[in-house]
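One file, structure14.cif, is given below (mmCIF, C-alpha atoms).
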data_data
#
loop_
_atom_site.group_PDB
_atom_site.id
_atom_site.type_symbol
_atom_site.label_atom_id
_atom_site.label_comp_id
_atom_site.auth_asym_id
_atom_site.auth_seq_id
_atom_site.Cartn_x
_atom_site.Cartn_y
_atom_site.Cartn_z
ATOM 1 C CA MET A 1 -2.827 -16.426 26.959
ATOM 2 C CA LYS A 2 -0.352 -18.127 24.639
ATOM 3 C CA SER A 3 -3.169 -19.788 22.734
ATOM 4 C CA LEU A 4 -4.869 -16.443 22.278
ATOM 5 C CA ARG A 5 -1.723 -14.918 20.795
ATOM 6 C CA ILE A 6 -1.294 -17.795 18.396
ATOM 7 C CA GLY A 7 -4.949 -17.718 17.444
ATOM 8 C CA LEU A 8 -4.825 -14.036 16.577
ATOM 9 C CA ILE A 9 -1.532 -13.879 14.695
ATOM 10 C CA ALA A 10 -3.492 -12.708 11.674
ATOM 11 C CA VAL A 11 -6.368 -11.076 13.509
ATOM 12 C CA ALA A 12 -8.032 -8.459 11.477
ATOM 13 C CA LEU A 13 -5.024 -7.203 9.694
ATOM 14 C CA LEU A 14 -6.298 -4.860 12.298
ATOM 15 C CA GLY A 15 -6.808 -2.455 11.413
ATOM 16 C CA SER A 16 -0.190 15.302 3.600
ATOM 17 C CA LEU A 17 1.828 17.090 5.330
ATOM 18 C CA ALA A 18 0.752 19.335 8.188
ATOM 19 C CA PHE A 19 2.238 22.783 8.380
ATOM 20 C CA HIS A 20 2.310 25.562 10.867
ATOM 21 C CA PRO A 21 -0.138 28.117 9.337
ATOM 22 C CA ALA A 22 2.330 30.497 7.777
ATOM 23 C CA GLY A 23 1.425 30.795 4.103
ATOM 24 C CA ALA A 24 -0.433 29.689 1.012
ATOM 25 C CA GLU A 25 2.234 27.127 0.118
ATOM 26 C CA GLU A 26 1.499 25.279 3.333
ATOM 27 C CA ARG A 27 -2.244 25.152 2.785
ATOM 28 C CA ARG A 28 -1.716 23.280 -0.451
ATOM 29 C CA HIS A 29 -0.922 20.219 1.634
ATOM 30 C CA GLU A 30 -4.175 20.138 3.535
ATOM 31 C CA ASN A 31 -5.879 18.043 0.859
ATOM 32 C CA ILE A 32 -3.355 15.230 1.097
ATOM 33 C CA GLY A 33 -5.334 12.249 2.353
ATOM 34 C CA GLU A 34 -4.477 8.924 3.877
ATOM 35 C CA ARG A 35 -3.016 6.179 1.743
ATOM 36 C CA GLY A 36 -5.070 3.258 0.487
ATOM 37 C CA GLU A 37 -4.791 1.056 3.571
ATOM 38 C CA ALA A 38 -6.755 3.332 5.882
ATOM 39 C CA LYS A 39 -9.312 4.267 3.243
ATOM 40 C CA ARG A 40 -10.040 0.669 2.316
ATOM 41 C CA VAL A 41 -10.414 -0.442 5.907
ATOM 42 C CA GLN A 42 -12.632 2.520 6.781
ATOM 43 C CA ALA A 43 -14.869 1.786 3.785
ATOM 44 C CA LEU A 44 -15.075 -1.883 4.775
ATOM 45 C CA LEU A 45 -16.001 -0.955 8.341
ATOM 46 C CA ASP A 46 -18.642 1.508 7.137
ATOM 47 C CA ARG A 47 -20.280 -1.191 5.041
ATOM 48 C CA ALA A 48 -20.183 -3.658 7.910
ATOM 49 C CA VAL A 49 -21.751 -1.194 10.334
ATOM 50 C CA ALA A 50 -24.582 -0.400 7.905
ATOM 51 C CA HIS A 51 -25.199 -4.123 7.448
ATOM 52 C CA PHE A 52 -25.236 -4.808 11.177
ATOM 53 C CA GLN A 53 -27.552 -1.884 11.856
ATOM 54 C CA GLU A 54 -29.995 -3.439 9.409
ATOM 55 C CA LYS A 55 -29.636 -7.115 10.376
ATOM 56 C CA GLY A 56 -28.472 -7.104 13.994
ATOM 57 C CA ASP A 57 -27.067 -10.365 15.382
ATOM 58 C CA ALA A 58 -28.797 -12.221 12.569
ATOM 59 C CA GLY A 59 -26.152 -10.733 10.271
ATOM 60 C CA LEU A 60 -23.132 -11.966 12.257
ATOM 61 C CA ALA A 61 -22.742 -14.992 9.998
ATOM 62 C CA ASP A 62 -22.073 -12.643 7.100
ATOM 63 C CA PHE A 63 -18.822 -11.554 8.760
ATOM 64 C CA GLY A 64 -17.330 -15.048 8.675
ATOM 65 C CA PRO A 65 -14.741 -16.523 6.270
ATOM 66 C CA GLY A 66 -15.860 -16.393 2.669
ATOM 67 C CA GLY A 67 -18.397 -13.672 3.445
ATOM 68 C CA LYS A 68 -18.897 -10.400 1.602
ATOM 69 C CA PHE A 69 -17.058 -8.350 4.210
ATOM 70 C CA ILE A 70 -13.559 -9.321 3.171
ATOM 71 C CA ASP A 71 -11.465 -6.982 1.033
ATOM 72 C CA GLY A 72 -8.256 -8.732 0.082
ATOM 73 C CA GLU A 73 -6.220 -9.032 3.280
ATOM 74 C CA TYR A 74 -8.665 -6.932 5.293
ATOM 75 C CA TYR A 75 -11.700 -8.274 7.107
ATOM 76 C CA ILE A 76 -14.186 -7.552 9.873
ATOM 77 C CA PHE A 77 -14.250 -9.077 13.321
ATOM 78 C CA VAL A 78 -16.900 -8.580 15.979
ATOM 79 C CA VAL A 79 -16.585 -8.719 19.764
ATOM 80 C CA SER A 80 -19.178 -8.118 22.446
ATOM 81 C CA THR A 81 -18.741 -5.340 24.977
ATOM 82 C CA ASP A 82 -17.983 -8.005 27.583
ATOM 83 C CA GLY A 83 -15.057 -9.275 25.497
ATOM 84 C CA LYS A 84 -16.317 -12.331 23.661
ATOM 85 C CA MET A 85 -15.304 -12.915 20.044
ATOM 86 C CA LEU A 86 -18.535 -13.260 18.072
ATOM 87 C CA ALA A 87 -17.437 -13.339 14.442
ATOM 88 C CA SER A 88 -14.347 -13.004 12.254
ATOM 89 C CA GLY A 89 -13.576 -13.144 8.570
ATOM 90 C CA GLY A 90 -9.977 -14.204 9.182
ATOM 91 C CA SER A 91 -7.915 -16.714 11.117
ATOM 92 C CA SER A 92 -9.256 -15.394 14.423
ATOM 93 C CA VAL A 93 -12.444 -17.271 13.572
ATOM 94 C CA THR A 94 -10.879 -19.979 15.771
ATOM 95 C CA LEU A 95 -11.524 -17.676 18.742
ATOM 96 C CA VAL A 96 -15.228 -17.235 18.137
ATOM 97 C CA GLY A 97 -16.996 -17.892 21.432
ATOM 98 C CA GLN A 98 -13.870 -17.203 23.523
ATOM 99 C CA ASP A 99 -13.091 -14.366 25.922
ATOM 100 C CA VAL A 100 -10.371 -12.185 24.382
ATOM 101 C CA ASN A 101 -10.149 -9.488 27.059
ATOM 102 C CA GLY A 102 -6.668 -10.625 28.063
ATOM 103 C CA LEU A 103 -5.108 -10.523 24.627
ATOM 104 C CA ARG A 104 -1.828 -8.531 24.557
ATOM 105 C CA ASP A 105 0.509 -7.479 21.777
ATOM 106 C CA SER A 106 4.188 -8.369 21.449
ATOM 107 C CA SER A 107 5.157 -5.618 23.928
ATOM 108 C CA GLY A 108 2.551 -6.642 26.503
ATOM 109 C CA LYS A 109 0.016 -3.927 25.656
ATOM 110 C CA PRO A 110 -3.558 -5.087 26.449
ATOM 111 C CA PHE A 111 -4.857 -3.780 23.127
ATOM 112 C CA MET A 112 -8.129 -5.725 23.112
ATOM 113 C CA ARG A 113 -8.996 -4.374 26.537
ATOM 114 C CA ASP A 114 -8.176 -0.880 25.278
ATOM 115 C CA LEU A 115 -10.352 -1.417 22.210
ATOM 116 C CA ILE A 116 -13.326 -2.544 24.274
ATOM 117 C CA SER A 117 -12.875 0.236 26.825
ATOM 118 C CA GLY A 118 -12.630 2.864 24.081
ATOM 119 C CA ALA A 119 -15.717 1.546 22.340
ATOM 120 C CA LYS A 120 -17.703 1.666 25.580
ATOM 121 C CA SER A 121 -16.652 5.212 26.448
ATOM 122 C CA ARG A 122 -16.453 6.846 23.019
ATOM 123 C CA GLY A 123 -18.426 4.643 20.692
ATOM 124 C CA ALA A 124 -15.767 4.720 17.981
ATOM 125 C CA GLY A 125 -12.032 5.163 17.603
ATOM 126 C CA MET A 126 -8.804 3.315 16.919
ATOM 127 C CA VAL A 127 -6.191 1.356 18.795
ATOM 128 C CA GLU A 128 -2.546 0.929 17.816
ATOM 129 C CA TYR A 129 -0.272 -1.936 18.779
ATOM 130 C CA ASN A 130 2.484 -4.218 17.494
ATOM 131 C CA TRP A 131 1.576 -7.553 15.969
ATOM 132 C CA LEU A 132 3.057 -10.220 13.739
ATOM 133 C CA ASN A 133 2.280 -9.522 10.097
ATOM 134 C CA PRO A 134 1.697 -12.951 8.504
ATOM 135 C CA THR A 135 2.647 -11.554 5.098
ATOM 136 C CA ASP A 136 6.292 -10.958 5.950
ATOM 137 C CA GLN A 137 6.495 -12.652 9.371
ATOM 138 C CA LYS A 138 7.646 -9.412 11.031
ATOM 139 C CA VAL A 139 6.230 -7.670 14.086
ATOM 140 C CA GLU A 140 4.864 -4.382 12.778
ATOM 141 C CA SER A 141 2.708 -1.476 13.860
ATOM 142 C CA LYS A 142 -0.999 -2.067 13.303
ATOM 143 C CA THR A 143 -4.010 0.202 13.587
ATOM 144 C CA THR A 144 -7.509 -1.111 14.287
ATOM 145 C CA LEU A 145 -10.580 1.008 13.641
ATOM 146 C CA TYR A 146 -13.645 0.120 15.710
ATOM 147 C CA ARG A 147 -17.250 1.168 16.202
ATOM 148 C CA ARG A 148 -19.792 0.138 18.838
ATOM 149 C CA ILE A 149 -23.360 -0.702 17.874
ATOM 150 C CA GLY A 150 -25.274 -1.402 21.082
ATOM 151 C CA GLU A 151 -23.512 -4.285 22.816
ATOM 152 C CA ARG A 152 -21.467 -5.216 19.759
ATOM 153 C CA ILE A 153 -18.132 -3.815 18.554
ATOM 154 C CA LEU A 154 -17.226 -4.089 14.893
ATOM 155 C CA ALA A 155 -13.570 -3.661 13.968
ATOM 156 C CA ALA A 156 -11.055 -3.966 11.147
ATOM 157 C CA GLY A 157 -7.558 -2.729 10.577
ATOM 158 C CA TYR A 158 -4.300 -2.590 8.717
ATOM 159 C CA TYR A 159 -0.552 -2.785 9.140
ATOM 160 C CA LEU A 160 1.292 0.500 8.834
ATOM 161 C CA PRO A 161 4.360 0.497 6.594
ATOM 162 C CA ARG A 162 7.162 2.329 8.388
ATOM 163 C CA SER A 163 10.463 2.771 6.643
ATOM 164 C CA SER A 164 13.759 2.473 8.478
ATOM 165 C CA PRO A 165 16.632 4.984 8.581
ATOM 166 C CA GLN A 166 18.592 2.580 6.386
ATOM 167 C CA GLU A 167 15.852 2.623 3.757
ATOM 168 C CA ALA A 168 15.709 6.428 3.854
ATOM 169 C CA LYS A 169 19.491 6.598 3.457
ATOM 170 C CA GLY A 170 19.372 4.217 0.520
ATOM 171 C CA MET A 171 16.723 6.288 -1.256
ATOM 172 C CA LEU A 172 18.693 9.500 -0.662
ATOM 173 C CA GLU A 173 21.889 7.967 -2.041
ATOM 174 C CA SER A 174 20.023 6.826 -5.142
ATOM 175 C CA ALA A 175 18.442 10.267 -5.572
ATOM 176 C CA VAL A 176 21.818 11.972 -5.255
ATOM 177 C CA GLU A 177 23.244 9.855 -8.073
ATOM 178 C CA ALA A 178 20.200 10.574 -10.243
ATOM 179 C CA VAL A 179 20.586 14.351 -9.780
ATOM 180 C CA LYS A 180 24.297 14.218 -10.539
ATOM 181 C CA LYS A 181 23.508 12.565 -13.884
ATOM 182 C CA ASP A 182 20.507 14.643 -15.025
ATOM 183 C CA PRO A 183 18.743 17.026 -12.588
ATOM 184 C CA PRO A 184 15.582 17.781 -14.654
ATOM 185 C CA ALA A 185 14.990 14.115 -15.426
ATOM 186 C CA ALA A 186 15.572 13.194 -11.784
ATOM 187 C CA PHE A 187 13.077 15.782 -10.572
ATOM 188 C CA LEU A 188 10.401 14.337 -12.850
ATOM 189 C CA ARG A 189 11.032 10.899 -11.377
ATOM 190 C CA PHE A 190 10.939 12.229 -7.795
ATOM 191 C CA ASN A 191 7.523 13.812 -8.424
ATOM 192 C CA ASP A 192 5.998 10.676 -9.957
ATOM 193 C CA ALA A 193 4.118 8.723 -7.293
ATOM 194 C CA LYS A 194 4.282 5.596 -9.449
ATOM 195 C CA ARG A 195 8.063 5.563 -9.638
ATOM 196 C CA GLN A 196 10.747 4.294 -7.278
ATOM 197 C CA TYR A 197 11.141 7.526 -5.305
ATOM 198 C CA VAL A 198 7.720 7.468 -3.624
ATOM 199 C CA ARG A 199 7.343 4.363 -1.488
ATOM 200 C CA ASP A 200 5.112 4.000 1.570
ATOM 201 C CA ASP A 201 6.174 6.852 3.913
ATOM 202 C CA LEU A 202 9.379 7.617 1.969
ATOM 203 C CA TYR A 203 9.724 10.296 -0.693
ATOM 204 C CA VAL A 204 12.331 12.728 -2.017
ATOM 205 C CA PHE A 205 12.145 16.509 -1.834
ATOM 206 C CA VAL A 206 14.484 19.004 -3.512
ATOM 207 C CA VAL A 207 14.987 22.684 -2.675
ATOM 208 C CA GLY A 208 17.159 25.190 -4.556
ATOM 209 C CA MET A 209 19.988 26.345 -2.319
ATOM 210 C CA ASP A 210 20.068 29.811 -3.900
ATOM 211 C CA ASP A 211 16.422 30.593 -4.672
ATOM 212 C CA GLY A 212 14.742 28.591 -1.894
ATOM 213 C CA MET A 213 12.223 27.060 -4.314
ATOM 214 C CA PHE A 214 10.904 23.510 -4.415
ATOM 215 C CA TYR A 215 12.134 21.603 -7.470
ATOM 216 C CA ALA A 216 10.627 18.289 -6.409
ATOM 217 C CA HIS A 217 8.374 16.921 -3.676
ATOM 218 C CA GLY A 218 7.233 13.322 -3.898
ATOM 219 C CA ALA A 219 4.408 13.677 -1.371
ATOM 220 C CA SER A 220 3.021 16.860 -2.914
ATOM 221 C CA PRO A 221 4.250 17.726 -6.422
ATOM 222 C CA SER A 222 1.970 20.796 -6.388
ATOM 223 C CA LEU A 223 4.636 22.478 -4.247
ATOM 224 C CA VAL A 224 7.085 22.518 -7.154
ATOM 225 C CA GLY A 225 7.831 26.133 -8.024
ATOM 226 C CA THR A 226 6.740 27.504 -4.649
ATOM 227 C CA ARG A 227 8.892 28.981 -1.911
ATOM 228 C CA ALA A 228 10.141 26.542 0.705
ATOM 229 C CA LEU A 229 12.134 28.609 3.186
ATOM 230 C CA GLU A 230 9.123 29.952 5.075
ATOM 231 C CA LEU A 231 7.720 26.509 5.793
ATOM 232 C CA LYS A 232 7.432 25.519 9.440
ATOM 233 C CA ASP A 233 6.536 22.280 11.110
ATOM 234 C CA ALA A 234 3.515 21.872 13.377
ATOM 235 C CA GLN A 235 5.517 23.329 16.278
ATOM 236 C CA GLY A 236 6.658 26.402 14.367
ATOM 237 C CA LYS A 237 10.193 25.235 13.574
ATOM 238 C CA GLU A 238 11.657 26.661 10.338
ATOM 239 C CA ILE A 239 12.796 23.315 9.079
ATOM 240 C CA ILE A 240 13.795 24.132 5.504
ATOM 241 C CA LYS A 241 15.953 27.045 6.622
ATOM 242 C CA GLU A 242 17.667 24.742 9.101
ATOM 243 C CA MET A 243 18.219 22.088 6.431
ATOM 244 C CA VAL A 244 19.690 24.583 3.967
ATOM 245 C CA ALA A 245 21.991 26.053 6.616
ATOM 246 C CA LEU A 246 23.165 22.559 7.560
ATOM 247 C CA ALA A 247 23.792 21.593 3.953
ATOM 248 C CA LYS A 248 25.743 24.800 3.257
ATOM 249 C CA ALA A 249 27.884 24.327 6.347
ATOM 250 C CA ARG A 250 28.530 20.582 6.205
ATOM 251 C CA GLY A 251 27.228 19.305 2.888
ATOM 252 C CA THR A 252 25.121 16.653 4.597
ATOM 253 C CA GLY A 253 23.332 15.990 7.887
ATOM 254 C CA GLU A 254 20.030 15.221 9.573
ATOM 255 C CA VAL A 255 17.250 17.424 10.975
ATOM 256 C CA GLY A 256 14.533 16.373 13.402
ATOM 257 C CA TYR A 257 11.030 17.866 13.497
ATOM 258 C CA VAL A 258 7.345 16.896 13.471
ATOM 259 C CA TRP A 259 5.465 16.332 10.211
ATOM 260 C CA ARG A 260 2.369 14.695 8.834
ATOM 261 C CA ASN A 261 2.940 11.102 7.825
ATOM 262 C CA PRO A 262 1.281 10.487 4.420
ATOM 263 C CA VAL A 263 0.597 6.876 5.436
ATOM 264 C CA THR A 264 -1.092 7.483 8.804
ATOM 265 C CA ASN A 265 -2.260 11.063 8.052
ATOM 266 C CA ARG A 266 -1.101 12.039 11.536
ATOM 267 C CA VAL A 267 1.605 14.422 12.714
ATOM 268 C CA GLU A 268 4.550 12.367 13.987
ATOM 269 C CA PRO A 269 8.239 12.855 14.860
ATOM 270 C CA LYS A 270 10.396 12.744 11.755
ATOM 271 C CA HIS A 271 14.060 12.951 10.804
ATOM 272 C CA SER A 272 15.167 14.024 7.350
ATOM 273 C CA MET A 273 18.559 13.173 5.925
ATOM 274 C CA VAL A 274 19.733 15.949 3.628
ATOM 275 C CA GLN A 275 22.602 16.339 1.198
ATOM 276 C CA LYS A 276 23.880 19.156 -0.980
ATOM 277 C CA VAL A 277 24.300 18.351 -4.675
ATOM 278 C CA ASP A 278 25.607 21.328 -6.634
ATOM 279 C CA LYS A 279 22.982 24.062 -6.089
ATOM 280 C CA TYR A 280 20.317 21.732 -4.716
ATOM 281 C CA LEU A 281 19.343 20.400 -1.309
ATOM 282 C CA LEU A 282 18.042 16.824 -1.467
ATOM 283 C CA GLY A 283 16.192 15.258 1.429
ATOM 284 C CA VAL A 284 14.531 11.986 2.435
ATOM 285 C CA GLY A 285 12.888 11.559 5.825
ATOM 286 C CA TYR A 286 11.746 8.695 8.034
ATOM 287 C CA TYR A 287 9.214 8.708 10.883
ATOM 288 C CA THR A 288 10.416 7.722 14.319
ATOM 289 C CA LYS A 289 7.200 7.004 16.255
#
What do you get writing this file as structure tokens?
Amino acid sequence: MKSLRIGLIAVALLGSLAFHPAGAEERRHENIGERGEAKRVQALLDRAVAHFQEKGDAGLADFGPGGKFIDGEYYIFVVSTDGKMLASGGSSVTLVGQDVNGLRDSSGKPFMRDLISGAKSRGAGMVEYNWLNPTDQKVESKTTLYRRIGERILAAGYYLPRSSPQEAKGMLESAVEAVKKDPPAAFLRFNDAKRQYVRDDLYVFVVGMDDGMFYAHGASPSLVGTRALELKDAQGKEIIKEMVALAKARGTGEVGYVWRNPVTNRVEPKHSMVQKVDKYLLGVGYYTK
């Protein structure tokens, strides 16, 4: 088992906002898609599946190192439905020919068994687990997308960037200072996805304390100028109203709710740190899954 874990340290780099339906402002978010990681891996997997459907096992060699099914850090690996590694474009090529049914993640989750079981029962899907990211040598959340073609399972995946509470706090503190200096200029920076205030699953949002309007929203700048107070999370909680009430009463605080993660494109538990700055409510949230 230890050799399997070592052999797959880099395996596969395996591998928006959802609102309660309460108004037009909320529906503007429905077009927010997944970030680049998921899209790139899905496109790579689609190409690999089309190739395998055309070539069959004769095309397995094309999924090896140096092949055309490698996109930067992402690559395809193939296992049989009985759990044998058949091909890999990454370091797990050392496991080709071996049984990988018993492979577990850092928490003991039998993710390869889950992948194979899911592929047999559903044909396609994803599996999530924790694995060492060779880029930064940290154990991180990883998502693997897979699809079964006959007795073969093709898969690829990606690490999910998840920001910490400390990183969210740091971004909020920086945003507060920016608003104190020049609110209009700060709002422009918060709404620019290429600037420092939109990073992975972190972004800044700003709501007017008096008028209840969005002045900035890093994940969806189209919300600027729309009403925020009626917004609810996926469970119907009036989150903006709660944030504003908290900020008026205490000046700062934290609110928990469920929200769509712009990185994973899934609704997940989230906490937003908020702070009152003059007539504005500033917030930065982090996901707690």
Expressed in Å to a single decimal, how great is the separation between atom CA of A:Val176 and atom CA of A:Lys276?
-> 8.6 Å
For stretch 107-121 of chain A, please output as a VMD selection string all residues within 10 Å (counting only C-alpha atoms; exclusion window: fewer than 5 positions along the same chain).
-> chain A and resid 79 to 83 100 to 102 126 to 131 144 to 155
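With all atoms listed in the file as the atoms that count, the minimum distance from A:Ala219 to the choices A:Ser88, A:Gln53, A:Asn265, A:Thr252 is reached by A:Asn265.
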Find the residue from A:Ala38, A:Val267, A:Met85, A:Met273 that sits nearest to A:Leu172; use all atoms listed in the file when measuring.
-> A:Met273
Produce the centre coordinates and the three edge lengths, each in Å to one decimal, of the box along x, y and z that contains all listed atoms of stretch 108-127 of chain A with 8 Å added on each side, as JSON.
{"center_x": -7.9, "center_y": 0.1, "center_z": 21.9, "size_x": 37.0, "size_y": 29.5, "size_z": 25.9}
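Of note, atom CA of A:Phe190 and atom CA of A:Lys142 are spaced 28.1 Å apart.
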Smallest atom-to-atom distance to A:Pro221: which of A:Thr143, A:Gln275, A:Ser91, A:Asn191, using only C-alpha atoms?
-> A:Asn191
Could I get stretch 125-145 of chain A rebuilt with N, CA and C atoms, written as a compact mmCIF listing (two decimals), keeping the file's coordinate frame?
# COMPACT_ATOMS: atom_id res chain seq x y z
N GLY A 125 -13.41 4.70 17.47
CA GLY A 125 -12.03 5.16 17.60
C GLY A 125 -11.07 4.20 16.96
N MET A 126 -9.83 4.21 17.44
CA MET A 126 -8.80 3.32 16.92
C MET A 126 -7.86 2.92 18.04
N VAL A 127 -7.20 1.80 17.85
CA VAL A 127 -6.19 1.36 18.80
C VAL A 127 -4.97 0.92 18.00
N GLU A 128 -3.79 1.28 18.49
CA GLU A 128 -2.55 0.93 17.82
C GLU A 128 -1.75 -0.04 18.68
N TYR A 129 -1.08 -0.96 18.05
CA TYR A 129 -0.27 -1.94 18.78
C TYR A 129 0.67 -2.63 17.81
N ASN A 130 1.53 -3.48 18.33
CA ASN A 130 2.48 -4.22 17.49
C ASN A 130 2.06 -5.67 17.39
N TRP A 131 2.06 -6.18 16.16
CA TRP A 131 1.58 -7.55 15.97
C TRP A 131 2.31 -8.20 14.81
N LEU A 132 2.37 -9.49 14.81
CA LEU A 132 3.06 -10.22 13.74
C LEU A 132 2.26 -10.13 12.44
N ASN A 133 2.90 -9.60 11.41
CA ASN A 133 2.28 -9.52 10.10
C ASN A 133 2.53 -10.85 9.39
N PRO A 134 1.49 -11.64 9.11
CA PRO A 134 1.70 -12.95 8.50
C PRO A 134 2.24 -12.87 7.08
N THR A 135 2.16 -11.70 6.46
CA THR A 135 2.65 -11.55 5.10
C THR A 135 4.16 -11.64 5.03
N ASP A 136 4.83 -10.95 5.96
CA ASP A 136 6.29 -10.96 5.95
C ASP A 136 6.91 -11.54 7.22
N GLN A 137 6.04 -12.03 8.13
CA GLN A 137 6.50 -12.65 9.37
C GLN A 137 7.34 -11.71 10.22
N LYS A 138 6.98 -10.41 10.21
CA LYS A 138 7.65 -9.41 11.03
C LYS A 138 6.64 -8.76 11.97
N VAL A 139 7.09 -8.42 13.17
CA VAL A 139 6.23 -7.67 14.09
C VAL A 139 6.20 -6.22 13.61
N GLU A 140 5.01 -5.72 13.34
CA GLU A 140 4.86 -4.38 12.78
C GLU A 140 3.74 -3.63 13.49
N SER A 141 3.76 -2.32 13.29
CA SER A 141 2.71 -1.48 13.86
C SER A 141 1.39 -1.72 13.13
N LYS A 142 0.32 -1.81 13.88
CA LYS A 142 -1.00 -2.07 13.30
C LYS A 142 -2.01 -1.11 13.91
N THR A 143 -2.94 -0.67 13.12
CA THR A 143 -4.01 0.20 13.59
C THR A 143 -5.34 -0.49 13.36
N THR A 144 -6.18 -0.54 14.39
CA THR A 144 -7.51 -1.11 14.29
C THR A 144 -8.54 -0.01 14.47
N LEU A 145 -9.46 0.09 13.53
CA LEU A 145 -10.58 1.01 13.64
C LEU A 145 -11.76 0.23 14.21
